[in-house]
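Trainee: Have a look at the structure that comes next, please.
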Amino acid sequence: MFFHIVLERNMQLHPRHFGRNLREHLISKLMKDVEGTCSGRHGFVVAITGVESIGKGLIRDGTGFVTFPVKYQCVVFRPFKGEILEAVVTMVNKMGFFAEAGPVQIFVSNHLIPDDMEFQSGDMPNYTTSDGSVKIQKDSEVRLKIIGTRVDATEIFCIGTIKDDFLGVINDPTTI
Amino acid sequence: MEKGGKPGKGSLKSTPKSLGGKDDNSMKPKRGRKVQFNTEGTFNFSSKSDGKTESLFNKGGLSKGGKGNKVANAAKASIVKESLPLELRIEPELPKNTKCLMDCEAAHILEGIQEQMVLLSADPTIKIPLSFDRGLLYAKTGSHYTNPQAVRGLLETLSKLGVTNGEICQIANVCPETVEEVFALVPSLKKVVGYIICGIFQAKSSTLSDPLKDVLSELAKFKKSR
């Protein structure tokens, strides 16, 4: 789910950037440093939407760098256990399938795919019901539920399930 | 072709098995009870087969069947508890100054930022991060409604009934068609009803499902045509 959140960060700025454009320099450095990063608590920082305040700078001993406390608003994306997401399937194999929802990777194990869906190998590996009416393959859109998350330094990885009511394929790329 | 399918099938079968295991537990006490009835005349120790379960009953002393029932109930209660963590609990995990966004709201904000990004991208030192593009794409595909403010306004009427902001956003992101769908996908809402039943509005047992029905029918008006 997306969130709008206020975060704080101490930014270090080299003295060569001091002057009229100090604020602009600080903000562009903030964008470079923060956007695209990922943390377990907040998830992915998708975009900075505004800067609330920039505190007074403090010169660091021994160097010319100055530290500014910056408060900024941003949009973050973080998956939660129990959350329902609509994801696009990226890879299918006999162990299950991988899907992506925004910046988040999700794996759905074959234990968590309905029992009536069987793995079919071939050029386009897929999971299909015995009557062939429902098919999960690459680029299919599925609605899944997150049941576990693991946070890395640079990405969040989730385990999902489609073995529940109202979960499963939303649209099949072959039928369009 | 089938080679790959087989292990999957086998492993799928294992799940019902484990479920069966739980049933076995609830069966055992019954068996234990029988043994106890049989041994009532003699001694409790004479029961042999399932050492563990029976020692439990022996601890219960010269217990009657009632105790056995309690153990079975306890096992069932723990099964119910296991399913609890799957409920969506967003608020306790996030800092206070956080607002959940519906996908359509996020898409609206990110599209605005994208326009600025185009200007910024003239500056080669600023790279648009991958997660921005992916986030925007996800928000766009996930936004089912045309008017985020109206949707927010509609769903906020539910917050008076104890529905949290996170649940409201989840409802909007799922874009449900029926009340049953909402309850199946956001199981924590069942609790809201339960709470209300236990609380002040005892008479109105379906407090949440009725307003939810109204809200869903209103929401349908804002749905994007796909």
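As shown in the structure tokens, the chain order sets the letters A, B, ...; within each chain, residues go from 1, and ligands are also counted from 1 in the order they appear.
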Please run DSSP on the backbone and report, as a PyMOL selection string, all residues within stretch 18-138 of chain A that come out as strand (DSSP E or B).
Mentor: chain A and resi 38-39+43-54+58-59+66-77+84-93+96-101+104-109+117-120+126-129+135-136
Trainee: Show me which bits of chain A are within 8 Å of chain B, counting only C-alpha atoms, as a VMD selection string.
Mentor: chain A and resid 1 to 6 28 32 35 to 36 41 to 42 44 to 47 49 75 77 80 to 86 94 to 95 101 to 103 110 to 111 115 118 to 122 147 165 to 166
Trainee: Please identify which residues in chain A DSSP calls alpha helix (DSSP H) from the backbone, and express them as a list in words.
Mentor: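 Alpha helix (DSSP H) members of chain A, listed: Leu22, Arg23, Glu24, His25, Leu26, Ile27, Ser28, Lys29, Leu30, Met31, Lys32, Asp33 and Val34 of chain A.
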Trainee: Quick one: residues within 9 Å of A:Pro15, only C-alpha atoms, excluding same-chain residues fewer than 3 positions away - as a list in words?
Mentor: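 After dropping sequence-adjacent residues, the list is Phe18, Gly19, Gly64, Phe65 and Val66 of chain A.
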Trainee: Please report the interatomic distance between atom CA of A:Ala153 and atom CA of A:Tyr72 in Å with one decimal.
Mentor: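 For atom CA of A:Ala153 relative to atom CA of A:Tyr72, the distance reads 21.6 Å.
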Trainee: Counting only C-alpha atoms, which residue out of B:Lys221, B:Cys175, B:Asp214, B:Ile168 sits closest to B:Leu155?
Mentor: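 Under the stated criterion, the closest residue is B:Ile168.
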Trainee: Near stretch 21-27 of chain A, counting only C-alpha atoms, which residues have an atom at most 9 Å away, once you skip same-chain residues fewer than 2 positions from it, shown as a PyMOL selection string?
Mentor: chain A and resi 11-13+17-19+29-32+51+54+68+70
Trainee: Generate a file of the selected residues that holds N, CA and C atoms, formatted as a CSV table (one decimal), in the first residue's frame.
Mentor:
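Here's the written file out.csv:
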chain,number,residue,atom,x,y,z
A,11,MET,N,21.3,15.9,6.6
A,11,MET,CA,22.0,16.0,5.3
A,11,MET,C,23.4,16.7,5.5
A,12,GLN,N,24.4,16.1,4.9
A,12,GLN,CA,25.7,16.8,5.0
A,12,GLN,C,26.0,17.5,3.7
A,13,LEU,N,26.4,18.7,3.8
A,13,LEU,CA,26.6,19.5,2.5
A,13,LEU,C,28.0,20.0,2.5
A,17,HIS,N,28.8,24.3,-1.8
A,17,HIS,CA,27.5,24.5,-2.2
A,17,HIS,C,26.8,25.7,-1.5
A,18,PHE,N,27.5,26.3,-0.5
A,18,PHE,CA,26.9,27.3,0.2
A,18,PHE,C,26.7,28.6,-0.6
A,19,GLY,N,25.7,29.3,-0.3
A,19,GLY,CA,25.4,30.5,-1.1
A,19,GLY,C,23.9,30.6,-1.4
A,29,LYS,N,20.1,17.0,-3.4
A,29,LYS,CA,20.9,15.9,-2.8
A,29,LYS,C,20.0,15.0,-2.1
A,30,LEU,N,19.0,15.5,-1.4
A,30,LEU,CA,18.0,14.7,-0.7
A,30,LEU,C,17.3,13.7,-1.7
A,31,MET,N,16.9,14.3,-2.8
A,31,MET,CA,16.3,13.4,-3.8
A,31,MET,C,17.2,12.3,-4.3
A,32,LYS,N,18.4,12.7,-4.5
A,32,LYS,CA,19.4,11.7,-5.0
A,32,LYS,C,19.6,10.6,-3.9
A,51,VAL,N,9.3,19.6,1.1
A,51,VAL,CA,10.2,19.7,2.2
A,51,VAL,C,9.5,20.6,3.2
A,54,ILE,N,13.9,23.0,7.0
A,54,ILE,CA,15.4,22.7,7.0
A,54,ILE,C,15.9,23.4,8.3
A,68,PHE,N,22.7,19.5,8.1
A,68,PHE,CA,21.3,20.1,8.2
A,68,PHE,C,20.3,19.1,8.5
A,70,VAL,N,16.8,17.8,7.9
A,70,VAL,CA,15.8,18.1,6.9
A,70,VAL,C,14.5,17.3,7.2
Trainee: For the atom pair atom CA of B:Lys223 and atom CA of B:Lys160, what is the interatomic distance in Å to one decimal place?
Mentor: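 So the answer is 23.9 Å.
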Trainee: Can you tell me, as a list in words, what residues are no more than 9 Å from A:Gly43 when counting only C-alpha atoms, ignoring any on the same chain fewer than 4 positions away?
Mentor: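 Residues near the query, excluding close chain neighbours: Thr37, Cys38, Ser39, Val76, Phe77, Arg78, Pro79, Val151, Glu155 and Ile156 of chain A.
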Trainee: With a distance cut-off of 8 Å and only C-alpha atoms, select the neighbouring residues of A:Val142, excluding the residue or stretch itself and same-chain residues fewer than 4 positions from it, and output the selection as a list in words.
Mentor: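 Counting only C-alpha atoms, the residues come to Glu86, Ala87, Val88, Val89, Leu167, Gly168, Val169, Ile170 and Asn171 of chain A.
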Trainee: Tell me, as number ranges by chain, which residues lie within 9 Å of B:Thr157, counting only C-alpha atoms; anything in the same chain fewer than 4 positions away does not count.
Mentor: B: 152-153, 161, 211, 215
Trainee: Got time to write the residues from that selection, all heavy atoms, as a PDB file, in the first residue's frame?
Mentor:
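Written out: part39.pdb:
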ATOM      1  N   ARG B 152     -12.714   8.822  -1.464  1.00  0.00           N
ATOM      2  CA  ARG B 152     -12.254   9.003  -0.083  1.00  0.00           C
ATOM      3  C   ARG B 152     -13.412   9.490   0.797  1.00  0.00           C
ATOM      4  O   ARG B 152     -13.653   8.966   1.877  1.00  0.00           O
ATOM      5  CB  ARG B 152     -11.068   9.978  -0.096  1.00  0.00           C
ATOM      6  CG  ARG B 152     -10.642  10.556   1.223  1.00  0.00           C
ATOM      7  CD  ARG B 152      -9.913   9.635   2.134  1.00  0.00           C
ATOM      8  NE  ARG B 152      -8.598   9.203   1.702  1.00  0.00           N
ATOM      9  CZ  ARG B 152      -7.823   8.408   2.443  1.00  0.00           C
ATOM     10  NH1 ARG B 152      -8.243   7.962   3.604  1.00  0.00           N
ATOM     11  NH2 ARG B 152      -6.650   8.036   2.017  1.00  0.00           N
ATOM     12  N   GLY B 153     -14.140  10.469   0.293  1.00  0.00           N
ATOM     13  CA  GLY B 153     -15.269  11.029   1.045  1.00  0.00           C
ATOM     14  C   GLY B 153     -16.301   9.959   1.368  1.00  0.00           C
ATOM     15  O   GLY B 153     -16.818   9.879   2.491  1.00  0.00           O
ATOM     16  N   LEU B 161     -17.859   4.059  11.941  1.00  0.00           N
ATOM     17  CA  LEU B 161     -18.261   2.743  12.455  1.00  0.00           C
ATOM     18  C   LEU B 161     -17.076   1.939  12.955  1.00  0.00           C
ATOM     19  O   LEU B 161     -17.205   0.761  13.289  1.00  0.00           O
ATOM     20  CB  LEU B 161     -18.988   1.962  11.358  1.00  0.00           C
ATOM     21  CG  LEU B 161     -20.277   2.600  10.848  1.00  0.00           C
ATOM     22  CD1 LEU B 161     -20.756   1.901   9.601  1.00  0.00           C
ATOM     23  CD2 LEU B 161     -21.344   2.569  11.917  1.00  0.00           C
ATOM     24  N   PRO B 211     -24.345  -0.300   5.641  1.00  0.00           N
ATOM     25  CA  PRO B 211     -23.695   0.886   5.062  1.00  0.00           C
ATOM     26  C   PRO B 211     -22.666   0.524   3.999  1.00  0.00           C
ATOM     27  O   PRO B 211     -22.500   1.256   3.032  1.00  0.00           O
ATOM     28  CB  PRO B 211     -23.012   1.563   6.255  1.00  0.00           C
ATOM     29  CG  PRO B 211     -23.100   0.642   7.381  1.00  0.00           C
ATOM     30  CD  PRO B 211     -24.156  -0.358   7.094  1.00  0.00           C
ATOM     31  N   VAL B 215     -22.326   2.054   0.308  1.00  0.00           N
ATOM     32  CA  VAL B 215     -21.079   2.662  -0.160  1.00  0.00           C
ATOM     33  C   VAL B 215     -20.607   1.990  -1.452  1.00  0.00           C
ATOM     34  O   VAL B 215     -20.216   2.669  -2.398  1.00  0.00           O
ATOM     35  CB  VAL B 215     -19.983   2.560   0.937  1.00  0.00           C
ATOM     36  CG1 VAL B 215     -18.622   2.899   0.363  1.00  0.00           C
ATOM     37  CG2 VAL B 215     -20.310   3.485   2.099  1.00  0.00           C
TER      38      VAL B 215
END
